[in-house]
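Below is one structure; the comments refer to it alone.
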Amino acid sequence: MPASSLEAVVFSHLPFEDLGSLEPGLERRGFAIQTIDVATARFPLADAERCDLLIVMGGPIGVYDSSDYPFLAGEIESLRHRLKARKPTLGICLGAQLMAAALGARVYPGAHGAEIGWFPLLPPNAQPAPAPAPSWFAPLLAKDLHLFHWHGDTFDLPAGALRLAKTNLYENQAFAIENYALALQFHPEVTESGLERWYVGHACELGIKRIPVQQLRTDARKHAPALVKAAAQFWELWLDYIL
C-alpha cells in the first residue's frame with residue numbers, strides 16, 4: 001500500500017454500517033482512515049474540518065431527533081462549515097439527510113413509508129436547469145442493477161444541488177454539488193457478507209415491519225455481487241473526480 005498522504009474521516013453512527021466496498025478503494029489511494037463514533041464525540045472536531053475527505057455514514061435515527069441525540073446538532077454544524085468551505089464530503093443514508101439539513105433543506109418522514117430492500121435507481125425527472133447525470137455516476141444507473149435501500153426519511157433537494165437519481169417511491173435519492181458534495185440516500189457500499197451484521201443489528205425494526213430476513217438474504221445473494229462490481233467502478237470514477 002502506498003504511503004499515506006491523504007486523510008479520510010468517517011462519522012460512524014453504528015459500527016456495522018461501515019465503509020464496506022469503499023474502504024479498499026480508499027486504501028489503494030493511500031488514504032489514512034480515521035473513524036469517529038459521533039455519539040460520544042465532542043464537537044467541534046478539528047479533524048473533520050481539515051481532512052481531505054469526510055464521509056458520514058448511515059444510522060437508524062432521524063435528523064430531527066436532536067433533542068434525544070444532541071450530537072446531531074454538532075454533526076450538522078460540522079457539515080455546514082465543511083460544505084461552506086467546499087471541501088469533499090460524502091453522505092450515505094442518514095449522512096445524506098444530515099448533508100441536506102446542513103444545506104438548509106427539509107428532512108422528514110417519507111410519505112410512502114420505509115424503503116427497505118433491493119431496488120433499481122432511475123434517472124431523475126427534468127430539473128429547473130436540466131443537466132445529464134455525470135459520467136462518474138453512470139455505473140449506479142446501469143440497466144438491471146439493484147441498489148440496497150434502508151430508510152424511512154427523505155429530504156427536499158437543497159438549493160443549487162444536482163439531482164442524480166430517484167426510485168419509484170422517492171424522488172430524491174442522490175444529489176451532488178459541483179465536485180465537493182455527494183449525498184446518497186441508498187447504500188452502494190454494502191456487501192452480501194457485511195449485511196449479515198445489519199440483519200442482527202436491525203432485528204427489532206425488521207420484526208416490527210414484518211420484513212423477512214430470509215428474503216433480504218436471498219435478494220442479497222442475487223443482487224450484491226453485481227452491486228459490488230458496479231460500486232467499485234463508481235468509487236474509482238468518483239474519487240478521480242473529486243481528488
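Labeling convention for the C-alpha cells: chains A, B, ... as they appear, residues from 1 per chain, ligands from 1 in order of appearance.
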>> For Ala161 of chain A, find every residue with an atom within 8 Å (counting only C-alpha atoms), except residues of its own chain fewer than 4 positions away, and show them as JSON, numbers by chain.
In response: {"A": [157, 175, 176, 177]}
Selection above as a file: C-alpha atoms, as a PDB file, in the first residue's frame:
ATOM      1  CA  LEU A 157     -33.350  18.905  -2.830  1.00  0.00           C
ATOM      2  CA  PHE A 175     -27.581  14.806  -5.191  1.00  0.00           C
ATOM      3  CA  ALA A 176     -24.258  16.459  -5.902  1.00  0.00           C
ATOM      4  CA  ILE A 177     -22.917  19.982  -5.677  1.00  0.00           C
TER       5      ILE A 177
END
>> Would you pick out the contacts of Val9 of chain A at 8 Å or less, using only C-alpha atoms, so that residues sharing its chain but fewer than 5 positions from it are not included, and give the list as a PyMOL selection string?
In response: chain A and resi 33-36+47-48+51+53-55
> Using the chain letters and numbers from this document, which residues of segment 27-236 of chain A does DSSP assign to helix (DSSP H, G or I), as a VMD selection string?
Replying inline: chain A and resid 27 to 28 38 to 40 46 to 50 71 to 84 94 to 102 135 to 141 195 to 201 203 to 209 213 to 236
Please list as a compact mmCIF listing (two decimals) with N, CA and C atoms, in the first residue's frame every residue within 9 Å of Ala100 of chain A, counting only C-alpha atoms and excluding residues in the same chain fewer than 5 positions away.
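Final output, out-v5.txt:
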# COMPACT_ATOMS: atom_id res chain seq x y z
N GLY A 95 -26.36 10.05 6.57
CA GLY A 95 -25.35 11.03 6.20
C GLY A 95 -25.82 11.98 5.11
N ALA A 105 -32.02 22.33 3.60
CA ALA A 105 -33.18 21.62 3.06
C ALA A 105 -33.95 20.91 4.17
N ARG A 106 -35.21 20.65 3.91
CA ARG A 106 -36.06 19.96 4.88
C ARG A 106 -35.84 18.46 4.83
N VAL A 107 -35.78 17.82 5.99
CA VAL A 107 -35.69 16.37 6.12
C VAL A 107 -36.87 15.91 6.96
N PHE A 155 -35.76 13.79 1.94
CA PHE A 155 -35.36 15.19 2.06
C PHE A 155 -35.73 15.94 0.78
N ASP A 156 -35.86 17.24 0.91
CA ASP A 156 -36.01 18.09 -0.27
C ASP A 156 -34.63 18.34 -0.87
N LEU A 157 -34.62 18.64 -2.15
CA LEU A 157 -33.35 18.91 -2.83
C LEU A 157 -32.81 20.26 -2.39
N PRO A 158 -31.57 20.30 -1.87
CA PRO A 158 -31.01 21.59 -1.45
C PRO A 158 -30.83 22.55 -2.63
N ALA A 183 -24.34 13.24 -1.88
CA ALA A 183 -25.25 12.66 -0.89
C ALA A 183 -26.03 11.52 -1.54
>> Could you list, as a PyMOL selection string, every residue within 9 Å of segment 134-140 of chain A, counting only C-alpha atoms and ignoring same-chain residues fewer than 6 positions away?
In response: chain A and resi 120-121+146-147+164+188+227+230-231+233-238+240-241
Store the residues of this selection in a file with C-alpha atoms, as an mmCIF file, in the first residue's frame.
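The new file result17.cif reads:
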data_model
loop_
_atom_site.group_PDB
_atom_site.id
_atom_site.type_symbol
_atom_site.label_atom_id
_atom_site.label_comp_id
_atom_site.auth_asym_id
_atom_site.auth_seq_id
_atom_site.Cartn_x
_atom_site.Cartn_y
_atom_site.Cartn_z
ATOM 1 C CA PRO A 120 -33.081 -0.071 -9.026
ATOM 2 C CA LEU A 121 -32.245 3.589 -9.348
ATOM 3 C CA HIS A 146 -30.386 -3.158 -7.939
ATOM 4 C CA LEU A 147 -29.168 -0.941 -5.100
ATOM 5 C CA LEU A 164 -28.815 12.389 -9.678
ATOM 6 C CA PRO A 188 -23.778 1.390 -2.632
ATOM 7 C CA LEU A 227 -23.561 -4.104 -6.927
ATOM 8 C CA ALA A 230 -20.610 -1.559 -10.141
ATOM 9 C CA ALA A 231 -19.762 0.196 -6.883
ATOM 10 C CA GLN A 233 -16.177 1.235 -10.702
ATOM 11 C CA PHE A 234 -18.263 4.076 -9.302
ATOM 12 C CA TRP A 235 -15.955 4.693 -6.330
ATOM 13 C CA GLU A 236 -12.905 4.849 -8.593
ATOM 14 C CA LEU A 237 -14.534 7.286 -11.019
ATOM 15 C CA TRP A 238 -15.865 9.481 -8.246
ATOM 16 C CA ASP A 240 -10.811 10.535 -9.605
ATOM 17 C CA TYR A 241 -13.333 13.341 -9.977
#
> For Glu178 of chain A, which residue out of A:Leu216, A:Leu206, A:Ala85, A:Ile242 is the nearest one, using only C-alpha atoms?
Replying inline: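 Checking each of A:Leu216, A:Leu206, A:Ala85, A:Ile242 against Glu178 of chain A, counting only C-alpha atoms, the winner is A:Ile242.
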> Hey, which of A:Pro60, A:Pro225, A:Pro123, A:Gly30 ends up closest to Glu205 of chain A? Count only C-alpha atoms.
Replying inline: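 Residue with the minimum atom-to-atom distance to Glu205 of chain A: A:Pro60.
Using only C-alpha atoms, the smallest distance between any of A:Gly59, A:Gly201, A:Tyr108, A:Pro44 and Arg80 of chain A comes from A:Pro44.
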